[in-house]
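Below: coords-v3.cif (mmCIF, C-alpha atoms)
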```cif
data_data
loop_
_atom_site.group_PDB
_atom_site.id
_atom_site.type_symbol
_atom_site.label_atom_id
_atom_site.label_comp_id
_atom_site.auth_asym_id
_atom_site.auth_seq_id
_atom_site.Cartn_x
_atom_site.Cartn_y
_atom_site.Cartn_z
ATOM 1 C CA MET A 294 -8.325 0.430 -21.485
ATOM 2 C CA ALA A 295 -8.773 -0.673 -17.876
ATOM 3 C CA PHE A 296 -7.251 -4.120 -18.475
ATOM 4 C CA ASP A 297 -3.840 -2.571 -19.157
ATOM 5 C CA THR A 298 -3.826 -0.511 -15.977
ATOM 6 C CA ASN A 299 -5.483 -2.958 -13.577
ATOM 7 C CA VAL A 300 -3.259 -4.731 -11.056
ATOM 8 C CA PHE A 301 -4.742 -7.678 -9.216
ATOM 9 C CA ILE A 302 -3.344 -7.957 -5.685
ATOM 10 C CA ASN A 303 -3.288 -11.335 -3.992
ATOM 11 C CA CYS A 304 -2.127 -10.947 -0.409
ATOM 12 C CA PRO A 305 -3.360 -11.344 3.161
ATOM 13 C CA PHE A 306 -5.734 -8.609 4.285
ATOM 14 C CA ASP A 307 -5.077 -8.877 7.998
ATOM 15 C CA GLU A 308 -3.744 -6.147 10.262
ATOM 16 C CA ALA A 309 -0.251 -7.662 10.282
ATOM 17 C CA TYR A 310 0.113 -7.126 6.540
ATOM 18 C CA SER A 311 -1.492 -3.676 6.388
ATOM 19 C CA ASP A 312 1.887 -1.928 6.849
ATOM 20 C CA MET A 313 2.936 -3.523 3.555
ATOM 21 C CA LEU A 314 -0.399 -3.241 1.758
ATOM 22 C CA LYS A 315 -0.845 0.503 2.370
ATOM 23 C CA PRO A 316 2.453 1.557 0.701
ATOM 24 C CA LEU A 317 1.868 -1.029 -2.060
ATOM 25 C CA VAL A 318 -1.571 0.377 -2.905
ATOM 26 C CA PHE A 319 -0.253 3.947 -2.664
ATOM 27 C CA SER A 320 2.645 3.247 -5.025
ATOM 28 C CA LEU A 321 0.422 1.572 -7.628
ATOM 29 C CA LEU A 322 -1.942 4.559 -7.585
ATOM 30 C CA TYR A 323 1.115 6.838 -7.767
ATOM 31 C CA PHE A 324 2.195 5.009 -10.937
ATOM 32 C CA LYS A 325 -1.358 5.469 -12.338
ATOM 33 C CA PHE A 326 -2.486 1.882 -11.921
ATOM 34 C CA GLU A 327 -5.759 0.612 -10.475
ATOM 35 C CA PRO A 328 -5.314 -1.933 -7.674
ATOM 36 C CA GLN A 329 -7.910 -4.724 -7.847
ATOM 37 C CA ILE A 330 -8.581 -6.344 -4.507
ATOM 38 C CA SER A 331 -11.237 -8.573 -3.045
ATOM 39 C CA THR A 332 -10.923 -7.499 0.571
ATOM 40 C CA THR A 333 -13.891 -5.133 0.680
ATOM 41 C CA MET A 334 -16.364 -7.875 -0.113
ATOM 42 C CA SER A 335 -17.981 -9.410 2.949
ATOM 43 C CA SER A 336 -16.996 -13.028 3.518
ATOM 44 C CA GLY A 337 -20.322 -14.311 2.217
ATOM 45 C CA ASP A 338 -19.761 -12.568 -1.087
ATOM 46 C CA ILE A 339 -16.230 -13.764 -1.631
ATOM 47 C CA ARG A 340 -16.428 -16.415 -4.242
ATOM 48 C CA VAL A 341 -13.626 -17.635 -6.327
ATOM 49 C CA GLN A 342 -15.635 -16.702 -9.431
ATOM 50 C CA GLU A 343 -15.501 -13.060 -8.410
ATOM 51 C CA ILE A 344 -11.789 -13.210 -7.666
ATOM 52 C CA MET A 345 -11.299 -14.751 -11.106
ATOM 53 C CA LYS A 346 -13.187 -11.837 -12.650
ATOM 54 C CA LEU A 347 -10.692 -9.441 -11.069
ATOM 55 C CA MET A 348 -7.820 -11.551 -12.413
ATOM 56 C CA LYS A 349 -9.289 -11.688 -15.913
ATOM 57 C CA ASN A 350 -9.691 -7.912 -15.936
ATOM 58 C CA SER A 351 -6.078 -7.252 -14.880
ATOM 59 C CA ARG A 352 -3.022 -7.307 -17.098
ATOM 60 C CA PHE A 353 -0.793 -7.239 -14.033
ATOM 61 C CA SER A 354 -0.919 -9.360 -10.893
ATOM 62 C CA ILE A 355 1.054 -9.222 -7.681
ATOM 63 C CA HIS A 356 1.028 -12.347 -5.523
ATOM 64 C CA ASP A 357 2.594 -12.045 -2.091
ATOM 65 C CA ILE A 358 3.072 -15.564 -0.754
ATOM 66 C CA SER A 359 5.215 -14.507 2.209
ATOM 67 C CA ARG A 360 2.434 -15.096 4.722
ATOM 68 C CA ASN A 361 1.249 -18.557 3.770
ATOM 69 C CA LYS A 362 3.134 -20.287 6.575
ATOM 70 C CA ALA A 363 1.438 -21.417 9.774
ATOM 71 C CA LEU A 364 2.353 -18.894 12.448
ATOM 72 C CA LYS A 365 2.715 -21.371 15.291
ATOM 73 C CA LYS A 366 2.971 -25.079 15.865
ATOM 74 C CA GLY A 367 -0.385 -26.761 15.327
ATOM 75 C CA ASP A 368 -1.701 -24.012 13.016
ATOM 76 C CA ILE A 369 -2.575 -24.883 9.456
ATOM 77 C CA ALA A 370 -0.765 -23.091 6.630
ATOM 78 C CA ARG A 371 -2.758 -20.529 4.634
ATOM 79 C CA PHE A 372 -3.438 -21.842 1.144
ATOM 80 C CA ASN A 373 -5.567 -19.046 -0.348
ATOM 81 C CA MET A 374 -2.625 -17.054 -1.695
ATOM 82 C CA PRO A 375 -0.891 -19.968 -3.497
ATOM 83 C CA TYR A 376 -4.304 -21.172 -4.738
ATOM 84 C CA GLU A 377 -5.177 -17.798 -6.256
ATOM 85 C CA MET A 378 -1.683 -17.506 -7.697
ATOM 86 C CA GLY A 379 -2.133 -20.887 -9.408
ATOM 87 C CA LEU A 380 -5.446 -19.759 -10.864
ATOM 88 C CA ASP A 381 -3.856 -16.599 -12.207
ATOM 89 C CA ILE A 382 -0.905 -18.403 -13.787
ATOM 90 C CA GLY A 383 -3.406 -20.854 -15.298
ATOM 91 C CA CYS A 384 -5.414 -17.927 -16.652
ATOM 92 C CA GLN A 385 -2.261 -16.576 -18.279
ATOM 93 C CA ASN A 386 -1.318 -19.921 -19.803
ATOM 94 C CA PHE A 387 -4.661 -21.358 -20.859
ATOM 95 C CA GLY A 388 -6.595 -18.148 -21.492
ATOM 96 C CA ASN A 389 -7.324 -16.208 -24.675
ATOM 97 C CA LYS A 390 -4.970 -13.883 -26.554
ATOM 98 C CA GLN A 391 -5.446 -11.050 -24.062
ATOM 99 C CA MET A 392 -4.851 -13.347 -21.091
ATOM 100 C CA LYS A 393 -1.525 -14.354 -22.600
ATOM 101 C CA THR A 394 -0.324 -10.736 -22.233
ATOM 102 C CA LYS A 395 -0.771 -10.925 -18.452
ATOM 103 C CA LYS A 396 2.292 -10.339 -16.300
ATOM 104 C CA CYS A 397 2.679 -11.653 -12.833
ATOM 105 C CA LEU A 398 5.060 -10.793 -10.000
ATOM 106 C CA ILE A 399 5.476 -13.200 -7.103
ATOM 107 C CA LEU A 400 6.749 -11.805 -3.824
ATOM 108 C CA ASP A 401 8.151 -13.699 -0.897
ATOM 109 C CA GLU A 402 9.941 -12.736 2.280
ATOM 110 C CA THR A 403 13.297 -14.189 1.214
ATOM 111 C CA GLN A 404 14.472 -15.168 -2.234
ATOM 112 C CA HIS A 405 14.340 -18.949 -1.908
ATOM 113 C CA THR A 406 11.715 -19.705 0.739
ATOM 114 C CA TYR A 407 9.388 -20.980 -1.976
ATOM 115 C CA ASP A 408 11.943 -23.639 -3.018
ATOM 116 C CA VAL A 409 10.876 -25.770 -0.083
ATOM 117 C CA ALA A 410 7.102 -25.667 -0.359
ATOM 118 C CA LEU A 411 6.361 -24.476 -3.880
ATOM 119 C CA SER A 412 9.307 -25.375 -6.101
ATOM 120 C CA ASP A 413 7.086 -25.642 -9.217
ATOM 121 C CA ILE A 414 7.013 -21.850 -9.442
ATOM 122 C CA SER A 415 10.742 -21.655 -10.191
ATOM 123 C CA GLY A 416 11.192 -19.767 -13.419
ATOM 124 C CA GLN A 417 8.454 -17.257 -12.591
ATOM 125 C CA ASP A 418 9.287 -13.657 -11.742
ATOM 126 C CA ILE A 419 9.944 -14.020 -7.999
ATOM 127 C CA LYS A 420 11.346 -11.264 -5.806
ATOM 128 C CA ALA A 421 12.018 -10.977 -2.083
ATOM 129 C CA HIS A 422 10.847 -7.956 -0.052
ATOM 130 C CA GLY A 423 12.212 -8.946 3.374
ATOM 131 C CA ASN A 424 9.047 -7.474 4.954
ATOM 132 C CA ASP A 425 10.348 -4.003 4.155
ATOM 133 C CA PRO A 426 7.793 -1.739 2.420
ATOM 134 C CA GLN A 427 10.547 0.313 0.754
ATOM 135 C CA VAL A 428 11.991 -2.834 -0.807
ATOM 136 C CA LEU A 429 8.476 -3.858 -1.824
ATOM 137 C CA ILE A 430 7.935 -0.526 -3.633
ATOM 138 C CA SER A 431 11.308 -0.858 -5.300
ATOM 139 C CA LYS A 432 10.634 -4.411 -6.566
ATOM 140 C CA VAL A 433 7.180 -3.507 -7.864
ATOM 141 C CA ARG A 434 8.495 -0.361 -9.563
ATOM 142 C CA ASP A 435 11.359 -2.202 -11.261
ATOM 143 C CA TRP A 436 9.042 -4.984 -12.421
ATOM 144 C CA LEU A 437 6.525 -2.510 -13.857
ATOM 145 C CA MET A 438 9.288 -0.564 -15.600
ATOM 146 C CA VAL A 439 10.584 -3.701 -17.320
ATOM 147 C CA ASN A 440 7.094 -4.641 -18.490
ATOM 148 C CA LEU A 441 6.107 -1.133 -19.543
ATOM 149 C CA ASP A 442 9.413 -0.202 -21.089
ATOM 150 C CA ASP A 443 8.928 3.141 -19.402
ATOM 151 C CA VAL A 444 10.495 5.170 -16.599
ATOM 152 C CA LEU A 445 8.600 5.556 -13.326
ATOM 153 C CA PRO A 446 9.356 7.890 -10.379
ATOM 154 C CA SER A 447 12.136 6.678 -8.092
ATOM 155 C CA LYS A 448 11.473 4.553 -5.033
ATOM 156 C CA ASN A 449 12.754 7.354 -2.768
ATOM 157 C CA LYS A 450 10.368 9.888 -4.321
ATOM 158 C CA VAL A 451 7.385 7.555 -3.887
ATOM 159 C CA TRP A 452 8.386 6.747 -0.301
ATOM 160 C CA GLN A 453 8.824 10.437 0.625
ATOM 161 C CA ASP A 454 5.422 11.294 -0.840
ATOM 162 C CA TYR A 455 3.901 8.269 0.878
ATOM 163 C CA LEU A 456 5.182 9.518 4.255
ATOM 164 C CA GLU A 457 3.728 12.972 3.582
ATOM 165 C CA PHE A 458 0.433 11.446 2.518
ATOM 166 C CA TYR A 459 0.301 9.198 5.577
ATOM 167 C CA ALA A 460 0.993 12.143 7.892
ATOM 168 C CA ASP A 461 -1.867 14.107 6.236
ATOM 169 C CA TYR A 462 -4.151 11.064 6.293
ATOM 170 C CA GLU A 463 -3.600 10.246 9.960
ATOM 171 C CA GLU A 464 -3.745 13.890 11.023
ATOM 172 C CA MET A 465 -7.038 14.518 9.231
ATOM 173 C CA LEU A 466 -8.636 11.306 10.486
ATOM 174 C CA THR A 467 -7.566 12.125 14.048
ATOM 175 C CA ASP A 468 -9.127 15.590 13.658
ATOM 176 C CA GLN A 469 -12.337 13.841 12.590
ATOM 177 C CA GLY A 470 -12.413 11.815 15.806
ATOM 178 C CA PHE A 471 -10.790 8.596 14.584
ATOM 179 C CA THR A 472 -8.697 6.764 17.163
ATOM 180 C CA LYS A 473 -5.599 4.722 16.193
ATOM 181 C CA ALA A 474 -7.794 1.611 16.340
ATOM 182 C CA ASP A 475 -10.426 3.254 14.079
ATOM 183 C CA ILE A 476 -7.703 4.138 11.563
ATOM 184 C CA GLU A 477 -6.509 0.519 11.491
ATOM 185 C CA LYS A 478 -10.060 -0.585 10.699
ATOM 186 C CA VAL A 479 -10.428 1.638 7.621
ATOM 187 C CA THR A 480 -11.087 -0.666 4.662
ATOM 188 C CA THR A 481 -8.615 -0.881 1.805
ATOM 189 C CA PHE A 482 -11.332 0.431 -0.511
ATOM 190 C CA GLU A 483 -11.762 3.593 1.597
ATOM 191 C CA TYR A 484 -8.018 4.005 1.996
ATOM 192 C CA MET A 485 -7.615 3.701 -1.764
ATOM 193 C CA LYS A 486 -10.203 6.413 -2.361
ATOM 194 C CA VAL A 487 -8.383 8.845 -0.054
ATOM 195 C CA ALA A 488 -4.927 8.028 -1.449
ATOM 196 C CA LYS A 489 -6.169 8.471 -5.014
ATOM 197 C CA ALA A 490 -7.721 11.876 -4.232
ATOM 198 C CA TRP A 491 -4.555 13.030 -2.437
ATOM 199 C CA ILE A 492 -2.289 11.967 -5.334
ATOM 200 C CA LYS A 493 -4.573 13.720 -7.833
ATOM 201 C CA GLN A 494 -4.634 16.906 -5.774
ATOM 202 C CA LYS A 495 -0.863 16.805 -5.444
ATOM 203 C CA GLY A 496 -0.669 16.879 -9.249
ATOM 204 C CA ILE A 497 1.308 13.628 -9.476
ATOM 205 C CA MET B 126 -14.849 -2.833 -9.515
ATOM 206 C CA LYS B 127 -18.667 -2.594 -9.619
ATOM 207 C CA LEU B 128 -19.084 -5.469 -7.185
ATOM 208 C CA ILE B 129 -16.797 -3.868 -4.611
ATOM 209 C CA ASN B 130 -18.565 -0.525 -4.956
ATOM 210 C CA PHE B 131 -21.913 -2.171 -4.406
ATOM 211 C CA VAL B 132 -20.917 -4.052 -1.277
ATOM 212 C CA HIS B 133 -19.144 -1.009 0.110
ATOM 213 C CA LYS B 134 -22.152 1.256 -0.342
ATOM 214 C CA LYS B 135 -24.404 -1.322 1.229
ATOM 215 C CA GLU B 136 -22.304 -1.339 4.386
ATOM 216 C CA ILE B 137 -22.019 2.397 4.971
ATOM 217 C CA ARG B 138 -24.691 4.649 6.339
ATOM 218 C CA SER B 139 -24.725 8.368 5.671
ATOM 219 C CA SER B 140 -23.673 9.132 9.250
ATOM 220 C CA GLY B 141 -20.059 8.042 8.604
ATOM 221 C CA GLN B 142 -20.447 4.906 10.655
ATOM 222 C CA SER B 143 -21.029 1.420 9.282
ATOM 223 C CA MET B 144 -23.763 -0.863 10.624
ATOM 224 C CA SER B 145 -21.039 -2.700 12.575
ATOM 225 C CA GLY B 146 -20.129 0.548 14.384
ATOM 226 C CA ARG B 147 -16.864 0.928 12.479
ATOM 227 C CA LYS B 148 -16.026 4.553 11.637
ATOM 228 C CA THR B 149 -16.090 5.101 7.905
ATOM 229 C CA ILE B 150 -14.512 7.655 5.636
ATOM 230 C CA THR B 151 -17.061 10.028 4.152
ATOM 231 C CA ASP B 152 -16.652 11.994 0.913
ATOM 232 C CA ASP B 153 -16.094 15.081 3.054
ATOM 233 C CA ILE B 154 -13.082 13.454 4.748
ATOM 234 C CA VAL B 155 -11.704 12.376 1.349
ATOM 235 C CA LYS B 156 -11.914 16.022 0.209
ATOM 236 C CA LYS B 157 -10.237 17.290 3.385
ATOM 237 C CA VAL B 158 -7.300 14.858 3.138
ATOM 238 C CA ALA B 159 -6.921 15.684 -0.572
ATOM 239 C CA ALA B 160 -6.950 19.412 0.207
ATOM 240 C CA SER B 161 -4.120 18.916 2.699
ATOM 241 C CA ALA B 162 -1.934 17.764 -0.212
ATOM 242 C CA MET B 163 -1.965 21.344 -1.458
ATOM 243 C CA THR B 164 -1.304 23.121 1.814
ATOM 244 C CA SER B 165 2.233 23.847 2.871
ATOM 245 C CA ASN B 166 2.397 21.851 6.105
ATOM 246 C CA GLU B 167 6.113 22.454 6.630
ATOM 247 C CA ARG B 168 6.329 19.406 8.849
ATOM 248 C CA VAL B 169 9.734 17.953 9.511
ATOM 249 C CA HIS B 170 9.967 14.174 9.134
ATOM 250 C CA VAL B 171 12.432 11.996 11.012
ATOM 251 C CA LEU B 172 12.791 8.556 9.460
ATOM 252 C CA PRO B 173 15.096 5.559 9.472
ATOM 253 C CA ARG B 174 17.148 4.813 6.361
ATOM 254 C CA SER B 175 19.914 2.193 6.041
ATOM 255 C CA ASN B 176 20.601 1.977 9.786
ATOM 256 C CA LYS B 177 20.755 5.763 10.100
ATOM 257 C CA TRP B 178 18.184 8.492 10.707
ATOM 258 C CA VAL B 179 17.253 11.080 8.129
ATOM 259 C CA VAL B 180 15.623 14.494 8.593
ATOM 260 C CA ARG B 181 13.511 15.876 5.780
ATOM 261 C CA THR B 182 11.066 18.803 5.502
ATOM 262 C CA ASP B 183 7.747 18.382 3.638
ATOM 263 C CA GLY B 184 8.229 18.814 -0.088
ATOM 264 C CA ALA B 185 12.035 19.088 0.103
ATOM 265 C CA GLU B 186 13.979 17.356 -2.663
ATOM 266 C CA LYS B 187 16.956 16.693 -0.418
ATOM 267 C CA VAL B 188 17.291 15.601 3.182
ATOM 268 C CA SER B 189 18.420 18.132 5.786
ATOM 269 C CA GLY B 190 20.736 15.714 7.529
ATOM 270 C CA ILE B 191 21.687 12.108 8.193
ATOM 271 C CA PHE B 192 22.360 11.003 11.762
ATOM 272 C CA LEU B 193 23.547 7.917 13.574
ATOM 273 C CA THR B 194 20.811 8.081 16.202
ATOM 274 C CA LYS B 195 17.147 9.001 16.309
ATOM 275 C CA ASP B 196 17.758 11.413 19.195
ATOM 276 C CA ARG B 197 20.327 13.355 17.148
ATOM 277 C CA ALA B 198 17.934 13.480 14.219
ATOM 278 C CA ILE B 199 15.119 14.788 16.420
ATOM 279 C CA LEU B 200 17.445 17.464 17.813
ATOM 280 C CA ARG B 201 18.167 18.639 14.249
ATOM 281 C CA ALA B 202 14.459 18.526 13.405
ATOM 282 C CA LYS B 203 13.742 20.766 16.403
ATOM 283 C CA GLN B 204 16.217 23.326 15.042
ATOM 284 C CA LEU B 205 14.550 23.224 11.637
ATOM 285 C CA VAL B 206 10.865 23.176 12.494
ATOM 286 C CA GLU B 207 9.025 26.461 12.431
ATOM 287 C CA LYS B 208 6.935 27.608 15.379
ATOM 288 C CA GLY B 209 3.573 25.874 15.497
ATOM 289 C CA LYS B 210 4.614 23.185 13.002
ATOM 290 C CA THR B 211 5.048 19.501 13.737
ATOM 291 C CA ILE B 212 7.895 17.005 13.806
ATOM 292 C CA VAL B 213 6.714 13.586 12.642
ATOM 293 C CA VAL B 214 8.796 10.550 13.617
ATOM 294 C CA HIS B 215 8.305 7.411 11.486
ATOM 295 C CA ASN B 216 9.398 3.821 11.984
ATOM 296 C CA GLU B 217 10.896 1.675 9.213
ATOM 297 C CA LEU B 218 7.394 0.731 8.045
ATOM 298 C CA GLY B 219 6.513 4.396 7.542
ATOM 299 C CA LYS B 220 4.098 4.395 10.469
ATOM 300 C CA ILE B 221 4.043 7.449 12.716
ATOM 301 C CA THR B 222 5.431 6.668 16.147
ATOM 302 C CA GLN B 223 5.600 10.206 17.535
ATOM 303 C CA ARG B 224 4.341 13.699 16.768
ATOM 304 C CA ILE B 225 6.201 16.553 18.414
ATOM 305 C CA LYS B 226 4.577 19.997 18.406
#
```

Take the structure in the file and write it out as structure tokens.
Amino acid sequence: MAFDTNVFINCPFDEAYSDMLKPLVFSLLYFKFEPQISTTMSSGDIRVQEIMKLMKNSRFSIHDISRNKALKKGDIARFNMPYEMGLDIGCQNFGNKQMKTKKCLILDETQHTYDVALSDISGQDIKAHGNDPQVLISKVRDWLMVNLDDVLPSKNKVWQDYLEFYADYEEMLTDQGFTKADIEKVTTFEYMKVAKAWIKQKGI
Amino acid sequence: MKLINFVHKKEIRSSGQSMSGRKTITDDIVKKVAASAMTSNERVHVLPRSNKWVVRTDGAEKVSGIFLTKDRAILRAKQLVEKGKTIVVHNELGKITQRIK
């Protein structure tokens, strides 16, 4: 059933986060999960109702709140990630029987950054990734293993295969006339399609 | 994911370029990247790990060496790489910073 294998991802979809998002999406596909993201919808189509549909259809959710700070003085903090996280936790608490089986992982840059701005989330499953994609994979893998009561491939194995995949991916796209800038502009949906096909072909 | 599929299809034209001029990934490219998973590329990867540099050949279970500096690791990779194959240097994010033929 799709609900059990869907993972809703709540994170920024800007270029700065793509070095984290790419390995995250790859590792979820590697573990045979289906990442659910809203990034490929054009801004006009993004409505909270649609995001809520993705949440309702996902047993697992990953909320990365590491980028909700204002980047420089005078900027306003980004509230979308904490807002969506609140909706998802609400869904888990006030929803039907199936919603109550939802599991949610909250990621931040350091372990206690959230204490200052979002202390109400204490007691949730919160892990720090330190902006390191290998740590991110490791935290997600460990969290899934606890909730699945199953063994998943090691972080090192996933990372090694990710590096091989990325070398193939970039090489092939370059051969097809993509520049570095073109590669950065590939949508997460397209990237996901390629990563999924590569993993399948690899027999993982 | 029906909604995402719909919006995605709407944006892409058959030429492999979206209406905004962005290059898009066609089914043919997906097949080509997938096919490369099965070919023996025999690339040698140089990557950072715990403040050191590791050398590893495609598909190898174990690393071929651990070095204090990137330059040392690249030197080892050059000894290992077969003629015509590539050395791929990654940064800590996994991104490719250098390809050496």

For this session: Run the PyMOL selection byres ((chain B) within 10 of (chain A)) against the file shown and list the residues it catches, as number ranges by chain.
Result: B: 126, 128-133, 136, 147-152, 154-164, 166, 168-170, 172, 174, 181-186, 213-215, 217-221, 224

For this session: Mind giving me the straight-line distance from CA of Ala198 (chain B) to CA of Asn176 (chain B) in Å, one decimal?
Result: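 Atom-to-atom, CA of Ala198 (chain B) and CA of Asn176 (chain B) are spaced 12.6 Å apart.
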
For this session: Would you work out the distance separating CA of Ser359 (chain A) from CA of Asp413 (chain A), expressed in Å to one decimal?
Result: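 About the pair CA of Ser359 (chain A) and CA of Asp413 (chain A): they are 16.1 Å apart.
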
For this session: Can you work out the spacing between CA of Phe296 (chain A) and CA of Gly379 (chain A) in Å, to one decimal?
Result: 19.7 Å

Problem set entry | Picked residues, the PyMOL selection byres ((chain A and resi 323) around 8), as number ranges by chain | A: 319-322, 324-326, 451, 489, 492, 497

For this session: Might you pull out every residue within 7 Å of Lys210 (chain B), with only C-alpha atoms counted and same-chain residues fewer than 4 positions away left off, and present them as a PyMOL selection string?
Result: chain B and resi 167-168+206+226

Problem set entry | Among listed residues B:Arg201, B:Val171, B:Ile191, B:Gly146, nearest Gln223 (chain B) (using all atoms listed in the file) |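 For Gln223 (chain B), the nearest of the given residues is B:Val171.
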
Exercise. Applied to this file, what does the PyMOL selection byres ((chain A and resi 349) around 12) return in terms of residues, put as a PyMOL selection string?
Worked result: chain A and resi 295-297+299-301+329+342-348+350-354+380-385+387-396
